[in-house]
Amino acid sequence: MSTFRSGDGVEIFYEIWENESDLPPVLLHHGFIADGRTNWVLPGVVGALTGAGRRVVAIDARGHGRSGKPHDPAVYGESRMAGDVITLLDLLGITEVDLVGYSMGAIVALLTAARDPRIRRLVVGGVGAGVVELGGLDTRVIGGDRLLHALRTDDRSTITDPAAVGFRAFVEAVGGDRLALAAQAAAVHAAPIPLESIKAPTLVLAGAEDPLAVRPEVLARAIPGAVLRTVPGDHLSALRDPGFVPALTGFLN
């Protein structure tokens with residue numbers, strides 16, 4: 001377990017599971033509110049990858065998990081998080097990597113893959129047409145003032161939107177810093193991503209009932225040569241569907 005300082009001074013936490021392998025390491029980037037352990041260790045993704053002999057790196061994004069949690073939206077956004085991924089690859093001397101991102105982490109992974117030629121294979125989960133149509137997470141489902149209020153208010157009874165209630169409950173379940181997460185929510189990426197420039201073979205992996213990953217085929221068509229796989233489940237339960245981990249590891253291995 002280690003940390004480094006980003007270019008703007010935020011402390012970023014990461015964890016490595018070492019293995020000797022002819023294949024490059026796998027870097028995992030979690031979704032909003034979660035962290036590396038919640039998103040990747042508990043559902044069995046890390047165990048499956050290390051069991052297959054892969055070296056694995058999981059990063060906790062700024063504002064999440066064991067990383068620094070400033071409250072200023074100016075130091076957030078998935079583009080800055082992609083910069084943290086690139087800095088970590090440089091720090092570890094990684095010249096080729098398989099990159100996996102879920103939800104917010106999928107946006108980070110797409111931005112990274114569009115910028116950095118070291119990505120050998122790419123897996124993005126928990127996202128769909130919103131990436132193409134909005135330039136990021138599908139804020140038509142939950143975002144803007146509804147989400148910001150749910151994160152900032154001290155009075156839970158004032159949160160009336162069902163999706164916002166769920167996000168607030170998730171924050172409290174993992175012990176997240178609400179104001180840091182609100183800063184990220186205020187800075188979400190909402191600009192075109194040059195998906196056509198992504199050269200890495202890509203898997204789009206979505207839950208069939210995930211409201212944040214509707215019409216994932218739109219995203220798959222926008223990335224050259226990408227393949228689409230759906231599993232049962234919504235945004236949280238898809239990760240724990242029996243088909244999720246084999247689809248991910250099978251594509252990477």
# chains A, B, ... in the order shown; residues from 1 in each chain; ligands from 1

call {"tool": "residues_around", "arguments": {"residues": "region 116-128 of chain A", "least_positions_apart": "2", "cutoff": "7 Å", "atoms": "only C-alpha atoms", "output": "ChimeraX atom specification"}}
result
/A:95-103,106,112-114,130-131,137,200-207,212-216,218-219,235,252

call {"tool": "atom_distance", "arguments": {"atom1": "CA of Gly93 (chain A)", "atom2": "CA of Asp60 (chain A)"}}
result
18.9 Å

call {"tool": "closest_residue", "arguments": {"among": "A:Ala247, A:Ala82, A:Leu236, A:Met1", "to": "Leu49 (chain A)", "atoms": "only C-alpha atoms"}}
result
A:Ala247

call {"tool": "closest_atom_pairs", "arguments": {"of": "region 116-214 of chain A", "to": "region 28-44 of chain A", "cutoff": "7 Å", "atoms": "only C-alpha atoms", "output": "JSON lines"}}
result
{"residue": "A:Val171", "atom": "CA", "partner": "A:Ile33", "partner_atom": "CA", "distance": 6.1}
{"residue": "A:Gly176", "atom": "CA", "partner": "A:Ile33", "partner_atom": "CA", "distance": 6.7}
{"residue": "A:Leu181", "atom": "CA", "partner": "A:Ile33", "partner_atom": "CA", "distance": 6.9}

call {"tool": "residues_around", "arguments": {"residues": "Ala190 (chain A)", "least_positions_apart": "5", "cutoff": "12 Å", "atoms": "only C-alpha atoms", "output": "count of residues only"}}
result
20

call {"tool": "select_by_dssp", "arguments": {"residues": "region 11-248 of chain A", "states": "helix (DSSP H, G or I)", "output": "PyMOL selection string"}}
result
chain A and resi 36-41+45-51+73-75+78-92+104-115+129-134+144-152+156-158+162-174+178-185+195-197+211-213+216-222+237-240+244-248

call {"tool": "atom_distance", "arguments": {"atom1": "CA of Gly105 (chain A)", "atom2": "CA of Asp154 (chain A)"}}
result
27.4 Å

call {"tool": "residues_around", "arguments": {"residues": "Met81 (chain A)", "least_positions_apart": "6", "cutoff": "8 Å", "atoms": "only C-alpha atoms", "output": "PDB file with C-alpha atoms, in the first residue's frame"}}
result
ATOM      1  CA  ALA A  61      -9.277   8.365  -6.889  1.00  0.00           C
ATOM      2  CA  ARG A  62      -8.850  11.784  -5.328  1.00  0.00           C
ATOM      3  CA  VAL A 108     -11.280   8.099 -16.435  1.00  0.00           C
TER       4      VAL A 108
END

call {"tool": "closest_residue", "arguments": {"among": "A:Ile12, A:Leu147, A:Ala74, A:Val245", "to": "Pro162 (chain A)", "atoms": "only C-alpha atoms"}}
result
A:Leu147

call {"tool": "closest_residue", "arguments": {"among": "A:Asp234, A:Asp90, A:Asp177, A:Asp22", "to": "Gly68 (chain A)", "atoms": "only C-alpha atoms"}}
result
A:Asp177

call {"tool": "select_by_dssp", "arguments": {"residues": "region 3-33 of chain A", "states": "strand (DSSP E or B)", "output": "PyMOL selection string"}}
result
chain A and resi 3-5+11-17+26-29

call {"tool": "closest_residue", "arguments": {"among": "A:Val174, A:Leu228, A:Ala48, A:Ala183", "to": "Arg152 (chain A)", "atoms": "only C-alpha atoms"}}
result
A:Ala183

call {"tool": "closest_residue", "arguments": {"among": "A:Ala208, A:Val141, A:Val75, A:Ile223", "to": "Ser6 (chain A)", "atoms": "only C-alpha atoms"}}
result
A:Val75

call {"tool": "residues_around", "arguments": {"residues": "Pro224 (chain A)", "least_positions_apart": "4", "cutoff": "8 Å", "atoms": "only C-alpha atoms", "output": "list in words"}}
result
Leu195, Glu196, Ile198, Lys199 and Ala220 of chain A

call {"tool": "residues_around", "arguments": {"residues": "Leu91 (chain A)", "least_positions_apart": "3", "cutoff": "12 Å", "atoms": "only C-alpha atoms", "output": "list in words"}}
result
Ser2, Thr3, Phe4, Arg5, Ser6, Tyr14, Asp84, Val85, Ile86, Thr87, Leu88, Ile94 and Thr95 of chain A

call {"tool": "write_last_selection", "arguments": {"atoms": "N, CA and C atoms", "output": "tab-separated table (two decimals), in the first residue's frame"}}
result
chain	number	residue	atom	x	y	z
A	2	SER	N	0.66	2.15	-0.97
A	2	SER	CA	1.55	3.27	-1.17
A	2	SER	C	0.77	4.50	-1.58
A	3	THR	N	1.43	5.65	-1.54
A	3	THR	CA	0.83	6.89	-1.99
A	3	THR	C	1.84	7.69	-2.81
A	4	PHE	N	1.33	8.61	-3.60
A	4	PHE	CA	2.17	9.59	-4.29
A	4	PHE	C	1.44	10.92	-4.31
A	5	ARG	N	2.17	11.98	-4.59
A	5	ARG	CA	1.58	13.30	-4.70
A	5	ARG	C	1.32	13.62	-6.17
A	6	SER	N	0.10	14.02	-6.46
A	6	SER	CA	-0.23	14.43	-7.82
A	6	SER	C	0.44	15.76	-8.12
A	14	TYR	N	-2.60	4.01	-3.71
A	14	TYR	CA	-2.73	2.86	-4.61
A	14	TYR	C	-2.24	1.60	-3.90
A	84	ASP	N	-3.83	11.48	-12.92
A	84	ASP	CA	-3.28	10.71	-11.80
A	84	ASP	C	-2.92	9.29	-12.24
A	85	VAL	N	-3.74	8.69	-13.09
A	85	VAL	CA	-3.43	7.35	-13.61
A	85	VAL	C	-2.13	7.38	-14.41
A	86	ILE	N	-1.98	8.37	-15.27
A	86	ILE	CA	-0.77	8.49	-16.09
A	86	ILE	C	0.45	8.71	-15.21
A	87	THR	N	0.30	9.54	-14.18
A	87	THR	CA	1.41	9.76	-13.24
A	87	THR	C	1.79	8.47	-12.54
A	88	LEU	N	0.81	7.66	-12.15
A	88	LEU	CA	1.10	6.39	-11.48
A	88	LEU	C	1.81	5.42	-12.43
A	94	ILE	N	5.69	1.55	-15.73
A	94	ILE	CA	4.87	0.64	-16.54
A	94	ILE	C	4.85	1.13	-17.98
A	95	THR	N	5.27	0.26	-18.90
A	95	THR	CA	5.33	0.63	-20.31
A	95	THR	C	4.15	0.09	-21.11
